[in-house]
Number of protein chains: 2
Amino acid sequence: MSSIDAALTEVATAVTNTLDRLLPAPVGAEKRVIEAMRYACLGGGKRIRPFLVVAGSRLFDVHEESSHRVAAAIEMVHCYSLVHDDLPAMDDSDLRRGRATVHKKFDEATAVLAGDGLLTLAFEVVGDAATHENPAVRTELVLALAKAAGVAGMVGGQMIDLEAEHARLDIGAITRLQRMKTGALIAFSCSAGAILGQASEQARHALVNYAHDLGLAFQIADDLLDYVGNEATTGKPVGADQEAGKATFVALLGIDRAREQAQLLARQAAGHLDLFGEKADLLRAMAHFVVDRKH
Amino acid sequence: MSSIDAALTEVATAVTNTLDRLLPAPVGAEKRVIEAMRYACLGGGKRIRPFLVVAGSRLFDVHEESSHRVAAAIEMVHCYSLVHDDLPAMDDSDLRRGRATVHKKFDEATAVLAGDGLLTLAFEVVGDAATHENPAVRTELVLALAKAAGVAGMVGGQMIDLEAEHARLDIGAITRLQRMKTGALIAFSCSAGAILGQASEQARHALVNYAHDLGLAFQIADDLLDYVGNEATTGKPVGADQEAGKATFVALLGIDRAREQAQLLARQAAGHLDLFGEKADLLRAMAHFVVDRKH
């Protein structure tokens, strides 16, 4: 196991434990929605966003309880977006991470509510004093999370993605779509440690640039997996984007140029981290991991 | 026009203007979801929750820009919950405030996303420095809003409400359901001014008690309107709860006892405000308004 694999596994385990602790226990007449929230968050996943939070936080010697809580909150937002995106009215997916999607396992109404509950809980977790003793840091996190997840970020990106089924997007439009749909939350994941550590402007700027390139590299790699991956390793049907006639980086650039572009972006991302020295080795390794991963 | 009607109209106008200002402009490839968010928030409504925020804030001489922003954020959360509750998988309603519901006017996917966008924007608005100069006040608001809107509040209450179609609830279970589904957000609306004004424990306690009784009175009145209201004034089909065989206060208590109970709760709510003197007259009038309203 390479050191990045080991580090990913370590963070995934820690953040899954944190999620398990922060999600309510499934009791009371409302327990069905809590079971669905837990099912959505605790069923695996690579935990790439939590890893970025934790690795970024280590640059500034942030307390692990703080970074784990923010990582868990971001993962809740990520999981809520998957639950809603999988709904029949949206991408209509039956399978996610090799298991039935939430609306298949439970039902549509419960899936809508579970997503709503996860999004709301994410803000509760970030806003809680246990996340950081300084309320100015907590509100900065709340604001950045809301901007990344909202209509200028993830929600807006998903809207454009749905509309893209009826429109031909060029490379500029697809880049904007992906910056909003997946890039904004990845960027917040990379910046969260700098906010928690009240880092310098220069350090924040470097992480924003890193996140920018990493996010695009990540999305191109994701598109490539849809074309050349296989269902057993990705845990979801292959070729779904292709079948839906969706404009993706691969459709526009072709497989070879998309692969080159992803590699270039990964190198570029790693290059932004020079000022952190070897403390940033994990984040550098992550940039290469996201484009080399097989699932 | 009575003074409470005039005050409601004044606050509704001010908060609608604030909503209009805080909601993004419908531009860009994502504009469909922004149009849906604006449609959901700007199409009327009594603005009872914003009124509670503004009237409660006046007790502590809170700056109006602060109270209007928090009022707008709470209304966004209320409107998001209506958009999601109206979905075919949930209550399947075609009509709301006399107009097509969001999924009818747009489509289901857009309605899910518009709700998500509104919930997220509410936290952005509350977390923004323009809401209050003290970040400790802003995080307290974020935390209270998340608790009221989440699985221990509104989301959990809606889950129980859906489950109630298959279960017989007794008066205790219905009271818990309503405290969560509508009571929690009403309670936050009543407390927001005390948080913004950094009020004493005693003042906060009085407002929590007021909110407690007001919330129940409000819900019983709502159930009564479903039985005896008419579609033209309520703007939604009458008898929907009855038809769905839902357990409501009216189904359990009968119309006469439900009416008495609502009146009793309204008087009790008003009684909690003695320490504020005549400064609380609007909140007292509100308690009677919610049980006497015809829509």
# chains A, B, ... in the order shown; residues from 1 in each chain; ligands from 1
call {"tool": "interface_residues", "arguments": {"of": "chain B", "to": "chain A", "cutoff": "6 Å", "atoms": "only C-alpha atoms", "output": "ChimeraX atom specification"}}
result
/B:29-30,89-90,108-109,117,120,124,127,135-136,139,143,146,150-151,156,159-160
call {"tool": "residues_around", "arguments": {"residues": "A:Phe289", "least_positions_apart": "6", "cutoff": "9 Å", "atoms": "only C-alpha atoms", "output": "PyMOL selection string"}}
result
chain A and resi 4-5+266
call {"tool": "write_last_selection", "arguments": {"atoms": "C-alpha atoms", "output": "PDB file, in the first residue's frame"}}
result
ATOM      1  CA  ILE A   4      -1.228   8.037  -0.014  1.00  0.00           C
ATOM      2  CA  ASP A   5      -3.431   4.925   0.125  1.00  0.00           C
ATOM      3  CA  ALA A 266      -2.235  17.444 -11.334  1.00  0.00           C
TER       4      ALA A 266
END
call {"tool": "atom_distance", "arguments": {"atom1": "atom CA of B:Ala184", "atom2": "atom CA of B:His212"}}
result
8.6 Å
call {"tool": "atom_distance", "arguments": {"atom1": "atom CA of A:Cys41", "atom2": "atom CA of A:Leu8"}}
result
16.6 Å
call {"tool": "residues_around", "arguments": {"residues": "B:Val70", "least_positions_apart": "2", "cutoff": "10 Å", "atoms": "only C-alpha atoms", "output": "list in words"}}
result
Val15, Thr18, Pro50, Val53, Val54, Glu64, Glu65, Ser66, Ser67, His68, Ala72, Ala73, Ile74, Glu75, Met76, Ala122, Phe123, Val125, Val126, Gly127, Thr131, His132, Arg138, Leu141, Leu145, Ser189, Ala192, Gly193 and Leu196 of chain B
call {"tool": "write_last_selection", "arguments": {"atoms": "N, CA and C atoms", "output": "short mmCIF file (atom, residue, chain, number, x, y, z; two decimals), in the first residue's frame"}}
result
data_model
loop_
_atom_site.label_atom_id
_atom_site.label_comp_id
_atom_site.auth_asym_id
_atom_site.auth_seq_id
_atom_site.Cartn_x
_atom_site.Cartn_y
_atom_site.Cartn_z
N VAL B 15 -39.85 42.78 4.33
CA VAL B 15 -39.10 41.52 4.23
C VAL B 15 -39.13 40.99 2.80
N THR B 18 -36.40 42.76 1.19
CA THR B 18 -35.12 42.19 1.60
C THR B 18 -34.86 40.87 0.86
N PRO B 50 -41.38 36.01 9.58
CA PRO B 50 -40.66 37.29 9.56
C PRO B 50 -41.25 38.31 10.54
N VAL B 53 -39.98 37.65 13.95
CA VAL B 53 -38.58 38.09 14.09
C VAL B 53 -38.52 39.60 14.30
N VAL B 54 -39.24 40.32 13.46
CA VAL B 54 -39.16 41.78 13.52
C VAL B 54 -39.80 42.32 14.80
N GLU B 64 -32.87 47.44 12.27
CA GLU B 64 -33.82 46.79 11.36
C GLU B 64 -33.14 45.99 10.24
N GLU B 65 -31.97 46.45 9.79
CA GLU B 65 -31.27 45.68 8.75
C GLU B 65 -30.97 44.27 9.26
N SER B 66 -30.58 44.16 10.53
CA SER B 66 -30.30 42.85 11.13
C SER B 66 -31.56 42.00 11.18
N SER B 67 -32.61 42.57 11.72
CA SER B 67 -33.83 41.75 11.88
C SER B 67 -34.44 41.40 10.54
N HIS B 68 -34.37 42.30 9.58
CA HIS B 68 -34.93 41.98 8.27
C HIS B 68 -34.14 40.87 7.57
N ALA B 72 -35.71 37.34 6.62
CA ALA B 72 -35.67 36.83 5.24
C ALA B 72 -35.08 35.42 5.21
N ALA B 73 -34.05 35.18 6.00
CA ALA B 73 -33.43 33.86 6.04
C ALA B 73 -34.43 32.81 6.53
N ILE B 74 -35.16 33.14 7.58
CA ILE B 74 -36.16 32.19 8.10
C ILE B 74 -37.25 31.96 7.06
N GLU B 75 -37.65 33.00 6.37
CA GLU B 75 -38.68 32.82 5.33
C GLU B 75 -38.15 31.94 4.19
N MET B 76 -36.85 32.06 3.87
CA MET B 76 -36.26 31.16 2.87
C MET B 76 -36.36 29.70 3.33
N ALA B 122 -30.05 30.62 3.13
CA ALA B 122 -30.45 31.09 4.46
C ALA B 122 -29.25 31.13 5.40
N PHE B 123 -28.42 30.10 5.36
CA PHE B 123 -27.23 30.07 6.22
C PHE B 123 -26.20 31.10 5.78
N VAL B 125 -26.90 33.99 4.43
CA VAL B 125 -27.40 35.29 4.88
C VAL B 125 -27.15 35.48 6.37
N VAL B 126 -27.48 34.48 7.16
CA VAL B 126 -27.31 34.61 8.62
C VAL B 126 -25.83 34.72 8.98
N GLY B 127 -24.98 33.97 8.27
CA GLY B 127 -23.55 33.96 8.59
C GLY B 127 -22.80 35.21 8.14
N THR B 131 -25.30 40.81 8.81
CA THR B 131 -26.42 40.47 9.69
C THR B 131 -26.19 40.97 11.12
N HIS B 132 -24.96 40.90 11.57
CA HIS B 132 -24.60 41.42 12.92
C HIS B 132 -23.10 41.55 12.97
N ARG B 138 -23.72 35.79 15.29
CA ARG B 138 -24.04 35.12 14.02
C ARG B 138 -23.97 33.60 14.16
N LEU B 141 -26.98 32.31 15.92
CA LEU B 141 -28.14 32.25 15.01
C LEU B 141 -28.04 31.05 14.07
N LEU B 145 -30.79 28.15 14.04
CA LEU B 145 -31.53 27.90 12.80
C LEU B 145 -31.36 26.45 12.35
N SER B 189 -38.00 31.87 15.28
CA SER B 189 -38.41 33.21 14.84
C SER B 189 -38.64 34.13 16.03
N ALA B 192 -35.13 34.94 17.76
CA ALA B 192 -34.05 35.55 16.98
C ALA B 192 -33.73 36.96 17.46
N GLY B 193 -34.77 37.74 17.77
CA GLY B 193 -34.56 39.11 18.23
C GLY B 193 -33.77 39.15 19.53
N LEU B 196 -30.19 38.45 18.59
CA LEU B 196 -29.61 39.65 17.97
C LEU B 196 -29.38 40.75 19.01
#
call {"tool": "select_by_dssp", "arguments": {"residues": "stretch 20-199 of chain A", "states": "strand (DSSP E or B)", "output": "PDB file with C-alpha atoms, in the first residue's frame"}}
result
ATOM      1  CA  LEU A  95     -26.792   2.252  -7.713  1.00  0.00           C
ATOM      2  CA  ARG A  96     -24.205   4.250  -5.762  1.00  0.00           C
ATOM      3  CA  ARG A  99     -25.307  -0.312  -3.112  1.00  0.00           C
ATOM      4  CA  ALA A 100     -28.907   0.714  -3.692  1.00  0.00           C
TER       5      ALA A 100
END
call {"tool": "residues_around", "arguments": {"residues": "B:Phe276", "least_positions_apart": "2", "cutoff": "12 Å", "atoms": "only C-alpha atoms", "output": "number ranges by chain"}}
result
B: 55-56, 58-60, 199, 202-204, 206-207, 270-274, 278-284
call {"tool": "write_last_selection", "arguments": {"atoms": "C-alpha atoms", "output": "short mmCIF file (atom, residue, chain, number, x, y, z; two decimals), in the first residue's frame"}}
result
data_model
loop_
_atom_site.label_atom_id
_atom_site.label_comp_id
_atom_site.auth_asym_id
_atom_site.auth_seq_id
_atom_site.Cartn_x
_atom_site.Cartn_y
_atom_site.Cartn_z
CA ALA B 55 -41.63 42.25 16.39
CA GLY B 56 -39.34 40.28 18.71
CA ARG B 58 -38.13 45.60 18.44
CA LEU B 59 -38.27 44.53 22.11
CA PHE B 60 -34.47 44.87 22.19
CA ALA B 199 -31.00 39.81 25.71
CA GLN B 202 -35.18 35.97 31.60
CA ALA B 203 -36.26 37.72 28.39
CA ARG B 204 -35.25 34.74 26.28
CA ALA B 206 -40.30 34.46 28.25
CA LEU B 207 -40.07 34.40 24.47
CA ALA B 270 -49.79 36.64 25.35
CA GLY B 271 -49.53 36.21 29.12
CA HIS B 272 -45.87 35.25 28.94
CA LEU B 273 -44.95 38.73 27.70
CA ASP B 274 -45.81 40.74 30.83
CA GLU B 278 -46.63 47.58 26.07
CA LYS B 279 -43.53 47.11 23.91
CA ALA B 280 -44.86 43.58 23.33
CA ASP B 281 -48.36 44.63 22.23
CA LEU B 282 -47.72 43.55 18.65
CA LEU B 283 -46.61 40.08 19.73
CA ARG B 284 -49.70 39.82 21.92
#
call {"tool": "select_by_dssp", "arguments": {"residues": "stretch 174-236 of chain A", "states": "alpha helix (DSSP H)", "output": "number ranges by chain"}}
result
A: 174-178, 184-196, 201-228, 231-234
call {"tool": "write_last_selection", "arguments": {"atoms": "C-alpha atoms", "output": "PDB file, in the first residue's frame"}}
result
ATOM      1  CA  ILE A 174     -18.247  22.876 -19.146  1.00  0.00           C
ATOM      2  CA  THR A 175     -15.336  24.243 -17.167  1.00  0.00           C
ATOM      3  CA  ARG A 176     -17.642  26.694 -15.403  1.00  0.00           C
ATOM      4  CA  LEU A 177     -20.188  23.926 -14.779  1.00  0.00           C
ATOM      5  CA  GLN A 178     -17.565  21.722 -13.142  1.00  0.00           C
ATOM      6  CA  ALA A 184     -16.496  24.748  -5.290  1.00  0.00           C
ATOM      7  CA  LEU A 185     -16.829  22.116  -2.552  1.00  0.00           C
ATOM      8  CA  ILE A 186     -13.365  20.744  -3.316  1.00  0.00           C
ATOM      9  CA  ALA A 187     -11.986  24.274  -3.083  1.00  0.00           C
ATOM     10  CA  PHE A 188     -13.662  24.765   0.278  1.00  0.00           C
ATOM     11  CA  SER A 189     -12.240  21.421   1.449  1.00  0.00           C
ATOM     12  CA  CYS A 190      -8.730  22.607   0.525  1.00  0.00           C
ATOM     13  CA  SER A 191      -9.224  26.008   2.213  1.00  0.00           C
ATOM     14  CA  ALA A 192     -10.889  24.819   5.421  1.00  0.00           C
ATOM     15  CA  GLY A 193      -7.572  24.072   7.150  1.00  0.00           C
ATOM     16  CA  ALA A 194      -6.311  27.562   6.354  1.00  0.00           C
ATOM     17  CA  ILE A 195      -9.476  29.055   7.848  1.00  0.00           C
ATOM     18  CA  LEU A 196      -9.234  26.838  10.953  1.00  0.00           C
ATOM     19  CA  GLU A 201      -3.229  35.390   2.828  1.00  0.00           C
ATOM     20  CA  GLN A 202      -0.286  33.930   0.925  1.00  0.00           C
ATOM     21  CA  ALA A 203      -0.951  30.423   2.263  1.00  0.00           C
ATOM     22  CA  ARG A 204      -4.662  30.703   1.495  1.00  0.00           C
ATOM     23  CA  HIS A 205      -3.940  31.904  -1.994  1.00  0.00           C
ATOM     24  CA  ALA A 206      -1.645  28.915  -2.671  1.00  0.00           C
ATOM     25  CA  LEU A 207      -4.348  26.509  -1.496  1.00  0.00           C
ATOM     26  CA  VAL A 208      -7.006  28.167  -3.650  1.00  0.00           C
ATOM     27  CA  ASN A 209      -4.767  27.756  -6.693  1.00  0.00           C
ATOM     28  CA  TYR A 210      -4.071  24.145  -5.752  1.00  0.00           C
ATOM     29  CA  ALA A 211      -7.796  23.467  -5.324  1.00  0.00           C
ATOM     30  CA  HIS A 212      -8.586  25.107  -8.637  1.00  0.00           C
ATOM     31  CA  ASP A 213      -6.343  22.771 -10.630  1.00  0.00           C
ATOM     32  CA  LEU A 214      -7.102  19.754  -8.470  1.00  0.00           C
ATOM     33  CA  GLY A 215     -10.854  20.193  -8.920  1.00  0.00           C
ATOM     34  CA  LEU A 216     -10.640  20.235 -12.686  1.00  0.00           C
ATOM     35  CA  ALA A 217      -8.203  17.302 -12.743  1.00  0.00           C
ATOM     36  CA  PHE A 218     -10.599  15.402 -10.495  1.00  0.00           C
ATOM     37  CA  GLN A 219     -13.561  16.023 -12.780  1.00  0.00           C
ATOM     38  CA  ILE A 220     -11.718  15.071 -15.961  1.00  0.00           C
ATOM     39  CA  ALA A 221     -10.587  11.854 -14.237  1.00  0.00           C
ATOM     40  CA  ASP A 222     -14.208  11.215 -13.239  1.00  0.00           C
ATOM     41  CA  ASP A 223     -15.358  11.656 -16.835  1.00  0.00           C
ATOM     42  CA  LEU A 224     -12.608   9.284 -17.990  1.00  0.00           C
ATOM     43  CA  LEU A 225     -13.749   6.646 -15.505  1.00  0.00           C
ATOM     44  CA  ASP A 226     -17.241   6.891 -16.927  1.00  0.00           C
ATOM     45  CA  TYR A 227     -15.806   6.034 -20.344  1.00  0.00           C
ATOM     46  CA  VAL A 228     -13.159   3.466 -19.509  1.00  0.00           C
ATOM     47  CA  GLU A 231     -18.834  -1.186 -12.943  1.00  0.00           C
ATOM     48  CA  ALA A 232     -17.219  -3.554 -10.425  1.00  0.00           C
ATOM     49  CA  THR A 233     -14.561  -1.028  -9.373  1.00  0.00           C
ATOM     50  CA  THR A 234     -16.534   2.219  -9.746  1.00  0.00           C
TER      51      THR A 234
END
call {"tool": "decode", "arguments": {"residues": "stretch 26-78 of chain A", "atoms": "C-alpha atoms", "output": "mmCIF file, in the first residue's frame"}}
result
data_model
loop_
_atom_site.group_PDB
_atom_site.id
_atom_site.type_symbol
_atom_site.label_atom_id
_atom_site.label_comp_id
_atom_site.auth_asym_id
_atom_site.auth_seq_id
_atom_site.Cartn_x
_atom_site.Cartn_y
_atom_site.Cartn_z
ATOM 1 C CA PRO A 26 -32.046 6.344 14.814
ATOM 2 C CA VAL A 27 -34.689 6.601 17.512
ATOM 3 C CA GLY A 28 -38.102 8.246 17.806
ATOM 4 C CA ALA A 29 -40.983 8.437 15.356
ATOM 5 C CA GLU A 30 -38.646 10.238 12.909
ATOM 6 C CA LYS A 31 -36.081 7.416 12.890
ATOM 7 C CA ARG A 32 -36.642 6.498 9.239
ATOM 8 C CA VAL A 33 -35.038 9.738 8.023
ATOM 9 C CA ILE A 34 -32.132 9.293 10.444
ATOM 10 C CA GLU A 35 -31.552 5.751 9.180
ATOM 11 C CA ALA A 36 -31.492 7.135 5.628
ATOM 12 C CA MET A 37 -29.029 9.890 6.609
ATOM 13 C CA ARG A 38 -26.748 7.315 8.211
ATOM 14 C CA TYR A 39 -27.084 4.981 5.224
ATOM 15 C CA ALA A 40 -26.107 7.839 2.889
ATOM 16 C CA CYS A 41 -23.012 8.801 4.906
ATOM 17 C CA LEU A 42 -21.719 5.581 6.385
ATOM 18 C CA GLY A 43 -21.685 3.294 3.340
ATOM 19 C CA GLY A 44 -18.117 3.826 2.205
ATOM 20 C CA GLY A 45 -16.810 6.306 -0.307
ATOM 21 C CA LYS A 46 -13.216 7.419 -0.775
ATOM 22 C CA ARG A 47 -13.633 10.444 1.509
ATOM 23 C CA ILE A 48 -11.502 12.570 -0.794
ATOM 24 C CA ARG A 49 -12.958 15.856 0.475
ATOM 25 C CA PRO A 50 -12.398 14.925 4.146
ATOM 26 C CA PHE A 51 -8.842 13.951 3.233
ATOM 27 C CA LEU A 52 -8.252 17.382 1.709
ATOM 28 C CA VAL A 53 -9.581 19.055 4.867
ATOM 29 C CA VAL A 54 -7.399 16.956 7.153
ATOM 30 C CA ALA A 55 -4.247 17.179 4.995
ATOM 31 C CA GLY A 56 -4.759 20.938 4.570
ATOM 32 C CA SER A 57 -5.292 21.369 8.302
ATOM 33 C CA ARG A 58 -2.009 19.627 9.095
ATOM 34 C CA LEU A 59 -0.151 22.421 7.277
ATOM 35 C CA PHE A 60 -1.264 24.760 10.057
ATOM 36 C CA ASP A 61 -1.182 22.362 13.010
ATOM 37 C CA VAL A 62 -4.938 22.544 13.485
ATOM 38 C CA HIS A 63 -6.381 20.379 16.273
ATOM 39 C CA GLU A 64 -7.639 17.085 14.771
ATOM 40 C CA GLU A 65 -11.033 17.329 16.470
ATOM 41 C CA SER A 66 -11.582 20.590 14.545
ATOM 42 C CA SER A 67 -10.482 19.258 11.181
ATOM 43 C CA HIS A 68 -12.397 16.010 11.604
ATOM 44 C CA ARG A 69 -15.607 17.864 12.406
ATOM 45 C CA VAL A 70 -15.278 20.147 9.374
ATOM 46 C CA ALA A 71 -14.336 17.145 7.219
ATOM 47 C CA ALA A 72 -17.451 15.324 8.418
ATOM 48 C CA ALA A 73 -19.622 18.360 7.694
ATOM 49 C CA ILE A 74 -18.287 18.632 4.140
ATOM 50 C CA GLU A 75 -18.844 14.919 3.626
ATOM 51 C CA MET A 76 -22.455 15.373 4.807
ATOM 52 C CA VAL A 77 -22.913 18.065 2.165
ATOM 53 C CA HIS A 78 -21.309 15.833 -0.465
#
